[in-house]
Each structure stands twice: as structure tokens, then as C-alpha cells.
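Next comes upload.txt, with compact mmCIF, C-alpha atoms.
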```txt
# COMPACT_ATOMS: atom_id res chain seq x y z
CA MET A 1 0.00 0.00 0.00
CA SER A 2 1.38 3.40 -0.91
CA LEU A 3 1.99 6.28 1.46
CA ALA A 4 -0.52 8.39 -0.46
CA ALA A 5 -3.31 5.96 0.41
CA ILE A 6 -2.36 5.96 4.09
CA PHE A 7 -2.03 9.75 4.14
CA THR A 8 -5.44 10.14 2.52
CA PHE A 9 -7.02 7.70 4.94
CA LEU A 10 -5.53 9.45 7.97
CA LEU A 11 -6.59 12.87 6.71
CA VAL A 12 -10.15 11.75 6.01
CA SER A 13 -10.26 9.93 9.36
CA ALA A 14 -9.16 13.08 11.19
CA LEU A 15 -11.92 15.07 9.50
CA GLN A 16 -14.51 12.42 10.35
CA MET A 17 -13.29 12.26 13.96
CA LEU A 18 -13.61 16.04 14.28
CA GLU A 19 -17.13 15.83 12.92
CA GLY A 20 -17.96 13.04 15.36
CA VAL A 21 -16.55 14.99 18.30
CA LEU A 22 -18.53 18.06 17.31
CA ASP A 23 -21.72 16.02 16.96
CA LEU A 24 -21.15 14.29 20.29
CA ALA A 25 -20.49 17.60 22.04
CA ARG A 26 -23.66 19.03 20.49
CA ARG A 27 -25.73 16.10 21.75
CA ARG A 28 -24.22 16.05 25.23
CA GLY A 29 -24.22 19.73 25.94
CA SER A 30 -22.68 20.98 29.12
CA ILE A 31 -23.84 22.35 32.41
CA SER A 32 -22.24 25.53 33.63
CA ASP A 33 -21.21 26.09 37.24
CA ASP A 34 -24.05 28.58 37.72
CA GLN A 35 -26.60 26.03 36.54
CA LEU A 36 -25.13 23.36 38.80
CA LYS A 37 -25.16 25.73 41.78
CA LEU A 38 -28.76 26.72 41.06
CA ARG A 39 -29.78 23.06 40.74
CA MET A 40 -28.20 22.32 44.15
CA GLU A 41 -30.01 25.30 45.71
CA ILE A 42 -33.34 24.06 44.34
CA THR A 43 -32.82 20.58 45.77
CA GLN A 44 -31.79 22.05 49.13
CA ILE A 45 -34.88 24.30 49.25
CA LEU A 46 -37.16 21.39 48.34
CA LYS A 47 -35.59 19.26 51.08
CA GLU A 48 -36.22 22.04 53.60
CA ALA A 49 -39.81 22.37 52.39
CA SER A 50 -40.41 18.63 52.75
CA THR A 51 -39.21 18.68 56.36
CA LEU A 52 -41.83 21.33 57.19
CA SER A 53 -44.87 19.08 57.10
CA THR A 54 -46.78 20.16 60.18
CA PRO A 55 -49.85 22.40 59.90
CA SER A 56 -48.11 25.20 61.83
CA THR A 57 -45.27 25.36 59.27
CA PHE A 58 -47.44 25.02 56.17
CA ALA A 59 -47.05 28.70 55.19
CA GLN A 60 -43.27 28.51 55.44
CA ALA A 61 -43.22 25.28 53.38
CA ALA A 62 -45.43 26.87 50.71
CA LYS A 63 -43.12 29.89 50.60
CA LEU A 64 -40.09 27.61 50.10
CA LYS A 65 -41.89 25.69 47.35
CA ARG A 66 -42.71 28.95 45.55
CA LEU A 67 -39.06 30.00 45.89
CA ALA A 68 -37.97 26.64 44.41
CA ALA A 69 -40.42 27.05 41.52
CA ALA A 70 -39.06 30.54 40.81
CA LYS A 71 -35.50 29.21 40.83
CA GLU A 72 -36.52 26.39 38.47
CA LYS A 73 -37.91 28.99 36.06
CA GLU A 74 -34.63 30.90 36.31
CA LEU A 75 -32.73 27.67 35.64
CA ALA A 76 -34.92 26.95 32.60
CA LYS A 77 -34.19 30.45 31.24
CA MET A 78 -30.45 29.94 31.78
CA GLN A 79 -30.57 26.59 30.00
CA ASP A 80 -32.52 28.05 27.05
CA LEU A 81 -30.01 30.88 26.63
CA ASN A 82 -27.14 28.45 26.98
CA ILE A 83 -28.62 26.08 24.41
CA LYS A 84 -29.28 28.85 21.89
CA GLY A 85 -25.77 30.23 22.24
CA LYS A 86 -24.13 26.84 21.95
CA GLN A 87 -26.28 25.78 18.99
CA SER A 88 -25.16 28.82 17.02
CA LEU A 89 -21.56 28.08 18.03
CA TYR A 90 -21.89 24.44 16.94
CA GLU A 91 -23.47 25.56 13.67
CA GLN A 92 -20.52 27.88 13.02
CA TYR A 93 -18.03 25.10 13.79
CA GLY A 94 -20.01 22.75 11.58
CA LYS A 95 -19.89 25.22 8.68
CA VAL A 96 -16.15 25.74 9.11
CA LEU A 97 -15.63 21.98 9.21
CA LEU A 98 -17.74 21.50 6.09
CA ILE A 99 -15.75 24.15 4.21
CA ALA A 100 -12.50 22.53 5.36
CA LYS A 101 -13.72 19.12 4.18
CA VAL A 102 -14.70 20.46 0.78
CA LEU A 103 -11.35 22.22 0.35
CA ILE A 104 -9.33 19.20 1.49
CA TYR A 105 -11.32 16.76 -0.64
CA GLY A 106 -10.95 19.11 -3.61
CA ALA A 107 -7.20 19.39 -3.07
CA LEU A 108 -6.88 15.61 -2.80
CA ILE A 109 -8.88 15.11 -5.99
CA LEU A 110 -6.75 17.63 -7.87
CA TRP A 111 -3.55 16.15 -6.49
CA PHE A 112 -4.34 12.52 -7.34
CA TRP A 113 -6.56 12.96 -10.41
CA SER A 114 -4.00 11.86 -12.95
CA SER A 115 -2.25 9.25 -10.83
CA PRO A 116 -3.50 6.24 -8.89
CA VAL A 117 -3.69 6.39 -5.12
CA THR A 118 -2.76 2.77 -4.60
CA THR A 119 -2.68 -0.65 -6.21
CA VAL A 120 -4.14 -3.76 -4.65
CA PRO A 121 -4.31 -7.41 -5.69
CA LYS A 122 -7.30 -8.41 -7.82
CA HIS A 123 -8.66 -10.91 -5.30
CA LEU A 124 -9.21 -8.19 -2.65
CA LEU A 125 -11.63 -6.31 -4.89
CA GLN A 126 -13.04 -9.32 -6.71
CA PRO A 127 -16.74 -8.48 -6.95
CA PHE A 128 -16.22 -4.71 -7.20
CA GLY A 129 -12.87 -4.47 -8.99
CA ARG A 130 -14.18 -2.45 -11.93
CA LEU A 131 -15.85 0.11 -9.64
CA PHE A 132 -12.62 0.88 -7.82
CA SER A 133 -10.20 0.65 -10.71
CA TRP A 134 -8.89 3.89 -12.15
CA ARG A 135 -7.60 2.71 -15.47
CA GLY A 136 -8.10 -0.99 -15.10
CA VAL A 137 -5.27 -3.31 -14.19
CA ASP A 138 -1.59 -2.42 -14.04
CA ALA A 139 -0.05 -4.43 -16.87
CA ALA A 140 3.34 -4.77 -15.18
CA THR A 141 2.13 -6.18 -11.84
CA GLY A 142 -1.38 -7.45 -12.60
CA ARG A 143 -2.81 -5.45 -9.70
CA VAL A 144 -5.94 -3.27 -9.68
CA VAL A 145 -5.18 0.46 -9.75
CA VAL A 146 -7.44 2.44 -7.37
CA GLY A 147 -8.29 6.05 -8.18
CA ILE A 148 -8.90 8.95 -5.83
CA LEU A 149 -12.70 9.12 -6.04
CA PRO A 150 -13.35 5.50 -5.05
CA TRP A 151 -10.62 5.76 -2.42
CA LEU A 152 -12.22 8.86 -0.89
CA PHE A 153 -15.58 7.08 -0.91
CA LEU A 154 -14.15 4.03 0.86
CA THR A 155 -12.05 5.94 3.37
CA SER A 156 -14.84 8.35 4.27
CA HIS A 157 -17.26 5.50 5.00
CA VAL A 158 -14.72 3.44 6.93
CA SER A 159 -13.48 6.43 8.94
CA LYS A 160 -17.06 7.55 9.66
CA LEU A 161 -17.83 4.11 11.05
CA LEU A 162 -14.63 4.17 13.12
CA SER A 163 -15.29 7.66 14.46
CA GLU A 164 -18.84 6.73 15.48
CA LYS A 165 -17.49 3.77 17.43
CA LEU A 166 -14.33 5.36 18.86
CA ALA A 167 -15.41 8.94 19.66
CA PRO A 168 -17.63 7.96 22.62
CA ILE A 169 -14.84 5.79 24.00
CA PHE A 170 -12.22 8.54 23.88
CA LEU A 171 -14.58 11.29 25.01
CA HIS A 172 -16.13 9.44 27.94
CA PRO A 173 -16.14 11.81 30.93
```
Let me see the file written as C-alpha cells.
Amino acid sequence: MSLAAIFTFLLVSALQMLEGVLDLARRRGSISDDQLKLRMEITQILKEASTLSTPSTFAQAAKLKRLAAAKEKELAKMQDLNIKGKQSLYEQYGKVLLIAKVLIYGALILWFWSSPVTTVPKHLLQPFGRLFSWRGVDAATGRVVVGILPWLFLTSHVSKLLSEKLAPIFLHP
């Protein structure tokens, strides 16, 4: 296998891994320290309200429950603002990544358009040999010559599968 094929695979894999990390971060989201502090305050207030269960402390318990409800509304507002801000940030990163992918794929296509990326034995591509061959079979070695477009197709699918499986493992908190 040639170095060009390995280089192309690693480059495409890095792009797919970045896309997977961005998608995983978008799905996970994050909780800020303020949100965590507010959540702890709400649970503490609700615990205090639950301890006040006698008829003489009913008014104080109701007041604490109203305070907890107000803090939950404040937390919901904070989360909505946080989500909107992060979604726009993720969209910007996604656009930059898409532009980078298009430019890199375009550069790879221009670079390897007139030359094969790699050659492989015929038996490895037996049912699909003609789909992956650039100009058929190399007469000197009898191996199938693989062009850049099929190689990009293969490497992008394989690296996407790998990034979907490996990104959660590496990014586990």
C-alpha cells in the first residue's frame, strides 16, 4: 500500500473524527457552574420544604416551594439561553468543518486525479474491482489500480464508522 493511500485515509479519518466529536459535544451539551449551583439550591430548598410538614409550618413550606419554583424557572431560562448560544456556536463550527472538508477533498482530488492512489491485488476487490479501478489493471504487476474518487468514498465510509465507534470511548467523561 502506498503512502498516499495511508495519508489520505488518515486525513479523512481526522476530519470524520472532528465531525464526530462536534456532533457528540452538540448532543451532550454541558452544564455551567451557575446552573449546577442553582440546581443544588433548588434541591436544598425542596428538602427544607419537605421537612416542614406540620400544619403550623405550612405557610413557610409553601413559601419555600414557591421559591424553588421561581428558581426552576430561572434555571430553565439559563438553559434556554445556553442552548441557543451553543447551537449557534456548533453551527458555526459545523460550517467551518464542512468548508474545510470540501477544500481538502478538492485538493486531494486535484492532487491525485492523474495518478492512482494505490494498487491492490485483484482478489481483494473481486466483486467490485471495476468500480474501484482507475484505469483498469496495471499491466506490469497485474494489480488493480485504485483512483482517488473510489478511495475517498471508501475511506470516508470506513473512517465515519470508526469515528462513530471510537469517539464515545475517547470522550467518555
Between A:Leu22, A:Tyr90, A:Lys165, A:Leu67, which residue has the minimum interatomic distance to Ala49 of chain A, considering all atoms listed in the file?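 Looking at the shortest contact to Ala49 of chain A, the residue is A:Leu67.
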Can you tell me, as a PDB file with C-alpha atoms, in the frame of the given file, what residues are no more than 9 Å from Ala68 of chain A when counting all atoms listed in the file, ignoring any on the same chain fewer than 5 positions away?
```
ATOM      1  CA  GLU A  41     -30.010  25.300  45.710  1.00  0.00           C
ATOM      2  CA  ILE A  42     -33.340  24.060  44.340  1.00  0.00           C
ATOM      3  CA  THR A  43     -32.820  20.580  45.770  1.00  0.00           C
ATOM      4  CA  ILE A  45     -34.880  24.300  49.250  1.00  0.00           C
ATOM      5  CA  LEU A  46     -37.160  21.390  48.340  1.00  0.00           C
ATOM      6  CA  LYS A  63     -43.120  29.890  50.600  1.00  0.00           C
ATOM      7  CA  LYS A  73     -37.910  28.990  36.060  1.00  0.00           C
TER       8      LYS A  73
END
```
Shell around Ala61 of chain A at 7 Å using all atoms listed in the file, local window under 4 positions removed, as a ChimeraX atom specification: /A:49,52,57,65
Please compute the atom CA of Leu38 of chain A-atom CA of Asn82 of chain A distance, one decimal, in Å. 14.3 Å
Give me, please, the distance in Å between atom CA of Arg39 of chain A and atom CA of Lys71 of chain A, quoted to one decimal.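 Calculated distance between atom CA of Arg39 of chain A and atom CA of Lys71 of chain A is 8.4 Å.
Among the candidates A:Ala25, A:Arg66, A:Gln44, A:Ala167, the residue lying nearest to Ile83 of chain A is A:Ala25 (atoms considered: only C-alpha atoms).
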Minimum-distance residue to Gln35 of chain A, chosen among A:Ala4, A:Met17, A:Leu64, A:Leu81 (using only C-alpha atoms): A:Leu81
Find, counting only C-alpha atoms, the residue in A:Leu75, A:Leu110, A:Val158, A:Leu125 that gets nearest to Asp34 of chain A.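 When distances to Asp34 of chain A are compared using only C-alpha atoms, the smallest one comes from A:Leu75.
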Quick check, in Å to one decimal: how far apart do atom CA of Leu154 of chain A and atom CA of Gly94 of chain A lie? 22.4 Å
Close residues, Trp151 of chain A itself excluded, 12 Å, all atoms listed in the file, min 3 positions apart in chain, as a PyMOL selection string: chain A and resi 4-9+12+105+108-109+112-113+116-120+131-134+145-148+154-159
Between A:Leu10, A:Ala62, A:Ala140, A:Leu18, which residue has the minimum interatomic distance to Val96 of chain A, considering only C-alpha atoms?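 Looking only at the distances to Val96 of chain A, the closest residue turns out to be A:Leu18.
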Could you write out as AutoDock Vina command-line options the box around segment 138-153 of chain A (axis-aligned, all atoms listed in the file, 4 Å on each side), with centre and edge lengths in Å to one decimal?
```
--center_x -6.1 --center_y 0.8 --center_z -8.9 --size_x 26.9 --size_y 24.6 --size_z 24.0
```
Contacts of segment 19-21 of chain A at 10 Å (only C-alpha atoms; same-chain gap of 2+ positions) as an NGL selection string: :A and (13-17 or 23-27 or 93-94 or 97-98 or 101 or 160-168 or 170-171)
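If you measure from each of A:Lys95, A:Leu89, A:Lys37, A:Ala59 to Glu72 of chain A using all atoms listed in the file, the closest one turns out to be A:Lys37.
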Can segment 46-57 of chain A be brought up to N, CA, C and O atoms and written out as an mmCIF file, in the coordinates of the input?
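Okay, this is what ended up in rebuild27.cif:
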```cif
data_model
loop_
_atom_site.group_PDB
_atom_site.id
_atom_site.type_symbol
_atom_site.label_atom_id
_atom_site.label_comp_id
_atom_site.auth_asym_id
_atom_site.auth_seq_id
_atom_site.Cartn_x
_atom_site.Cartn_y
_atom_site.Cartn_z
ATOM 1 N N LEU A 46 -36.094 22.392 48.333
ATOM 2 C CA LEU A 46 -37.160 21.390 48.340
ATOM 3 C C LEU A 46 -37.023 20.420 49.516
ATOM 4 O O LEU A 46 -38.029 19.977 50.074
ATOM 5 N N LYS A 47 -35.786 20.105 49.895
ATOM 6 C CA LYS A 47 -35.590 19.260 51.080
ATOM 7 C C LYS A 47 -36.083 19.973 52.333
ATOM 8 O O LYS A 47 -36.739 19.369 53.189
ATOM 9 N N GLU A 48 -35.753 21.258 52.443
ATOM 10 C CA GLU A 48 -36.220 22.040 53.600
ATOM 11 C C GLU A 48 -37.747 22.103 53.622
ATOM 12 O O GLU A 48 -38.354 21.997 54.691
ATOM 13 N N ALA A 49 -38.345 22.290 52.456
ATOM 14 C CA ALA A 49 -39.810 22.370 52.390
ATOM 15 C C ALA A 49 -40.458 21.048 52.769
ATOM 16 O O ALA A 49 -41.527 21.024 53.377
ATOM 17 N N SER A 50 -39.827 19.935 52.414
ATOM 18 C CA SER A 50 -40.410 18.630 52.750
ATOM 19 C C SER A 50 -40.312 18.324 54.240
ATOM 20 O O SER A 50 -41.123 17.566 54.770
ATOM 21 N N THR A 51 -39.319 18.908 54.906
ATOM 22 C CA THR A 51 -39.210 18.680 56.360
ATOM 23 C C THR A 51 -40.271 19.454 57.129
ATOM 24 O O THR A 51 -40.605 19.095 58.254
ATOM 25 N N LEU A 52 -40.798 20.510 56.535
ATOM 26 C CA LEU A 52 -41.830 21.330 57.190
ATOM 27 C C LEU A 52 -43.205 20.789 56.824
ATOM 28 O O LEU A 52 -43.900 21.310 55.971
ATOM 29 N N SER A 53 -43.620 19.723 57.483
ATOM 30 C CA SER A 53 -44.870 19.080 57.100
ATOM 31 C C SER A 53 -45.983 19.263 58.133
ATOM 32 O O SER A 53 -47.074 18.745 57.945
ATOM 33 N N THR A 54 -45.727 19.966 59.170
ATOM 34 C CA THR A 54 -46.780 20.160 60.180
ATOM 35 C C THR A 54 -47.689 21.307 59.763
ATOM 36 O O THR A 54 -47.296 22.184 58.987
ATOM 37 N N PRO A 55 -48.923 21.328 60.273
ATOM 38 C CA PRO A 55 -49.850 22.400 59.900
ATOM 39 C C PRO A 55 -49.356 23.794 60.309
ATOM 40 O O PRO A 55 -49.635 24.767 59.629
ATOM 41 N N SER A 56 -48.591 23.876 61.384
ATOM 42 C CA SER A 56 -48.110 25.200 61.830
ATOM 43 C C SER A 56 -47.032 25.758 60.910
ATOM 44 O O SER A 56 -46.821 26.969 60.846
ATOM 45 N N THR A 57 -46.331 24.895 60.170
ATOM 46 C CA THR A 57 -45.270 25.360 59.270
ATOM 47 C C THR A 57 -45.677 25.280 57.815
ATOM 48 O O THR A 57 -44.827 25.360 56.922
#
```
